[in-house]
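Colleague: First the structure, which I've put down as structure tokens, then a few questions once you've had a look.
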Amino acid sequence: MRSLYKKQVILYIFVLLVTFAVTAAATYFSLSESFIKRERNKLVEHGAAIQEIMGELYFSGAAYDEFDNAIQVLEDYMDAQVFFVNASGRISMVTDGIGEDWVGRTITDKTIGMVLNGNITYVEGTFDGMFADKILTVGYPIRFAGVVQGGIFMCKSLPEIRDNFIDIYSTILIFMIAALIVGIIIVLLFTRRIVKPITEMNKAAKAIAGGNFGGRINIKSRDEVGQLAESFNFMAESLDETEQIRREMIANISHDLRSPITSIQGFLGAIEDGTIPPDKTDKYISIAIDETKRLSKLVENVMDMNKAQAGELNINKEEFSIADLIRSTVISNETRIRDKNIDVSLIFDSISVVFADYDKIARVIHNLIDNALKFTEESGHITVETTAKKDKLVISVKNSGVPISEEDKKHIFDRFYKGDRSRGLDNSGSGLGLAIVKELIKAHGETITVSSGEDYNEFVFMLDIAK
């Protein structure tokens, strides 16, 4: 998991560095162009402001010194070198920054021609070797009486222009570097936050693989990682519950197997060594046979559960009267009903013929009534009722007694599960009866529910009404 952390950190930092480099370069070139454009516009504005004054001074026959002084003032004001070109393209005057040796020269550069044609133009370069460094030159036509009589050229060093924005760019760059450092810190923290739950899940998964199902991941975020952690906790909890059920199942089935086996061994041993008199041998052999039947039933129930959960149950549906099946089941338990003095009420809808697997539903009814008889108190009552709803027949088995707790309801249909209430009242069952009921009903494409009131418990399921 450490390698995943490193990979994520390297990836994010690489993205940040690339973004920083691109942004820094773009800012540099954008800021440079912005400053050059601003200086160019300023020179154009100056040219517009002075072109009339310079034209009047020069073409009205002003003294050379007066014109030269005006040019020098212009240079100082604009912080730029200035030279004047007459209509023939010859340089007639320059500022001190250019040099007197250029006066009288004729420049054939196309920029000169464009200005003399009345166009405002600008160019970047050395201007035919006039300057050692690259410069920004703005040419502005000088008009007198509406005719272009020459041009004024204002030149400013490009390195100097760029130097002016370096301070600003350096300040921006410092803030960008600070943002980059903060971004890297956030990446480190954020990546650790993402990888940490994965690391915890890895540890928890290893613990689960080792048989420890108690580990949980304490992640409260609501993003995908949080949902994954929540799902992992749910899985771990399910595995923990399954493991507990498995242990209880082993304990229960061991107990259920040990009891009849111990009884059979005891009786047969007593018969063999003569402890049991010959005249009572038949009685104890009969008890031993009953215990073997109990063992056989337990094994059969386990096999049926395995088949049901593996989807291997064969459902052979037919039409039959559920009312008749319920009556016969109640009659077969008549002795138990009388022994506990239980009042049994059977309430049947006028529609009682269903379309289902007779043998499977007979087992469902038997298990539900058997369960109701176990947990109904002395002189209590049991009500079995059927009600038609559209194309379904609702079957309800309700008994008086201590209500099932909410915790027991969560596991009441689990195999080998016996709640504390059932252990206190009746511990003779294997804990498979209701689990088998659920699987048999499920095989019919239906569900069974359990509800409780202050002094009753009720199981309800539905079957298709025969057409």
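By convention in this document, the chains of the structure tokens carry letters A, B, ... by their order, each chain's residues are numbered from 1, and ligands are numbered from 1 in the order they are shown.
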Name all residues at most 7 Å from region 82-89 of chain A (count only C-alpha atoms; drop same-chain ones fewer than 4 positions away) and give them as an MDAnalysis selection string.
Modeller: chainID A and resid 75 93:95 106:107 112 116 149:155
Colleague: Atoms to include: C-alpha atoms. Write the selected residues as a PDB file, in the first residue's frame.
Modeller:
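Writing the result to out_12.pdb gives the following:
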ATOM      1  CA  GLU A  75      13.147  62.072 -25.419  1.00  0.00           C
ATOM      2  CA  MET A  93      17.329  65.133 -36.558  1.00  0.00           C
ATOM      3  CA  VAL A  94      18.068  62.645 -33.782  1.00  0.00           C
ATOM      4  CA  THR A  95      18.185  62.721 -29.977  1.00  0.00           C
ATOM      5  CA  THR A 106      18.472  57.828 -45.917  1.00  0.00           C
ATOM      6  CA  ILE A 107      16.741  54.693 -44.580  1.00  0.00           C
ATOM      7  CA  ILE A 112       9.774  54.356 -43.185  1.00  0.00           C
ATOM      8  CA  LEU A 116       5.513  58.445 -45.099  1.00  0.00           C
ATOM      9  CA  GLN A 149       5.797  65.976 -44.635  1.00  0.00           C
ATOM     10  CA  GLY A 150       7.772  63.417 -42.679  1.00  0.00           C
ATOM     11  CA  GLY A 151       7.610  61.119 -39.709  1.00  0.00           C
ATOM     12  CA  ILE A 152       8.679  60.951 -36.105  1.00  0.00           C
ATOM     13  CA  PHE A 153      10.041  57.661 -34.853  1.00  0.00           C
ATOM     14  CA  MET A 154      10.039  56.844 -31.132  1.00  0.00           C
ATOM     15  CA  CYS A 155      12.301  53.980 -30.108  1.00  0.00           C
TER      16      CYS A 155
END
Colleague: What are the DSSP strand (DSSP E or B) residues of region 120-307 of chain A, as a list of chain:residue names?
Modeller: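 Across region 120-307 of chain A, those assigned strand (DSSP E or B) are A:Thr121, A:Tyr122, A:Val123, A:Glu124, A:Gly125, A:Ile135, A:Leu136, A:Thr137, A:Val138, A:Gly139, A:Tyr140, A:Pro141, A:Ile142, A:Arg143, A:Phe144, A:Val147, A:Val148, A:Gln149, A:Gly150, A:Gly151, A:Ile152, A:Phe153, A:Met154, A:Cys155, A:Lys156, A:Ser157.
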Colleague: Using C-alpha atoms, can you export the residues from the last selection as an mmCIF file, in the first residue's frame?
Modeller:
data_model
loop_
_atom_site.group_PDB
_atom_site.id
_atom_site.type_symbol
_atom_site.label_atom_id
_atom_site.label_comp_id
_atom_site.auth_asym_id
_atom_site.auth_seq_id
_atom_site.Cartn_x
_atom_site.Cartn_y
_atom_site.Cartn_z
ATOM 1 C CA THR A 121 3.310 51.641 -37.761
ATOM 2 C CA TYR A 122 5.519 49.821 -35.314
ATOM 3 C CA VAL A 123 8.290 47.281 -35.586
ATOM 4 C CA GLU A 124 10.642 45.299 -33.345
ATOM 5 C CA GLY A 125 14.323 45.006 -34.342
ATOM 6 C CA ILE A 135 14.038 47.869 -29.869
ATOM 7 C CA LEU A 136 10.362 48.703 -30.187
ATOM 8 C CA THR A 137 9.914 51.472 -32.771
ATOM 9 C CA VAL A 138 6.661 53.342 -33.338
ATOM 10 C CA GLY A 139 6.468 55.555 -36.426
ATOM 11 C CA TYR A 140 3.928 58.379 -36.568
ATOM 12 C CA PRO A 141 3.352 60.483 -39.713
ATOM 13 C CA ILE A 142 3.795 64.266 -39.361
ATOM 14 C CA ARG A 143 1.236 66.203 -41.353
ATOM 15 C CA PHE A 144 1.293 69.867 -42.269
ATOM 16 C CA VAL A 147 0.024 66.557 -46.283
ATOM 17 C CA VAL A 148 2.535 64.095 -44.827
ATOM 18 C CA GLN A 149 5.797 65.976 -44.635
ATOM 19 C CA GLY A 150 7.772 63.417 -42.679
ATOM 20 C CA GLY A 151 7.610 61.119 -39.709
ATOM 21 C CA ILE A 152 8.679 60.951 -36.105
ATOM 22 C CA PHE A 153 10.041 57.661 -34.853
ATOM 23 C CA MET A 154 10.039 56.844 -31.132
ATOM 24 C CA CYS A 155 12.301 53.980 -30.108
ATOM 25 C CA LYS A 156 12.345 52.134 -26.807
ATOM 26 C CA SER A 157 14.629 49.246 -25.824
#
Colleague: Between A:Thr171, A:Ser231, A:Thr111, A:Thr126, which is the closest to Asn218 (chain A) once you count only C-alpha atoms?
Modeller: A:Ser231
Colleague: Excluding same-chain residues fewer than 6 positions from Ser263 (chain A), what lies within 10 Å of it counting only C-alpha atoms, as a PDB file with N, CA, C and O atoms, in the first residue's frame?
Modeller:
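The result, written out as selection_15.pdb:
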ATOM      1  N   GLY A 269     -26.030 -50.484  25.945  1.00  0.00           N
ATOM      2  CA  GLY A 269     -25.017 -51.002  26.874  1.00  0.00           C
ATOM      3  C   GLY A 269     -25.657 -51.625  28.097  1.00  0.00           C
ATOM      4  O   GLY A 269     -25.190 -52.669  28.593  1.00  0.00           O
ATOM      5  N   TYR A 284     -36.995 -50.199  26.306  1.00  0.00           N
ATOM      6  CA  TYR A 284     -35.822 -49.375  26.062  1.00  0.00           C
ATOM      7  C   TYR A 284     -35.304 -49.503  24.634  1.00  0.00           C
ATOM      8  O   TYR A 284     -34.704 -48.558  24.089  1.00  0.00           O
ATOM      9  N   ILE A 287     -37.347 -47.027  22.871  1.00  0.00           N
ATOM     10  CA  ILE A 287     -36.824 -45.667  23.088  1.00  0.00           C
ATOM     11  C   ILE A 287     -35.601 -45.434  22.209  1.00  0.00           C
ATOM     12  O   ILE A 287     -35.435 -44.360  21.597  1.00  0.00           O
ATOM     13  N   ALA A 288     -34.722 -46.446  22.113  1.00  0.00           N
ATOM     14  CA  ALA A 288     -33.524 -46.325  21.279  1.00  0.00           C
ATOM     15  C   ALA A 288     -33.900 -46.133  19.810  1.00  0.00           C
ATOM     16  O   ALA A 288     -33.273 -45.351  19.080  1.00  0.00           O
ATOM     17  N   GLU A 291     -34.929 -42.638  19.239  1.00  0.00           N
ATOM     18  CA  GLU A 291     -33.759 -41.773  19.164  1.00  0.00           C
ATOM     19  C   GLU A 291     -33.092 -41.857  17.787  1.00  0.00           C
ATOM     20  O   GLU A 291     -32.601 -40.855  17.255  1.00  0.00           O
ATOM     21  N   THR A 292     -33.074 -43.066  17.211  1.00  0.00           N
ATOM     22  CA  THR A 292     -32.494 -43.187  15.859  1.00  0.00           C
ATOM     23  C   THR A 292     -33.354 -42.442  14.847  1.00  0.00           C
ATOM     24  O   THR A 292     -32.831 -41.856  13.883  1.00  0.00           O
TER      25      THR A 292
END
Colleague: Going by DSSP on the backbone, which residues of region 82-134 of chain A come out as alpha helix (DSSP H)? List them as an MDAnalysis selection string.
Modeller: chainID A and resid 110:116
Colleague: Find the residues near region 434-438 of chain A: any atom within 6 Å, counting only C-alpha atoms, skip ones fewer than 4 places away on the same chain, and give them as a PyMOL selection string.
Modeller: chain A and resi 364+413-415+442
Colleague: Go ahead and save the residues from that selection, with C-alpha atoms, as a compact mmCIF listing (two decimals), in the first residue's frame.
Modeller:
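Saved the output as again_22.txt:
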# COMPACT_ATOMS: atom_id res chain seq x y z
CA VAL A 364 -44.46 -25.75 6.22
CA PHE A 413 -35.14 -17.99 10.05
CA ASP A 414 -31.40 -18.77 10.26
CA ARG A 415 -30.43 -22.42 10.39
CA LYS A 442 -38.87 -19.10 -1.07
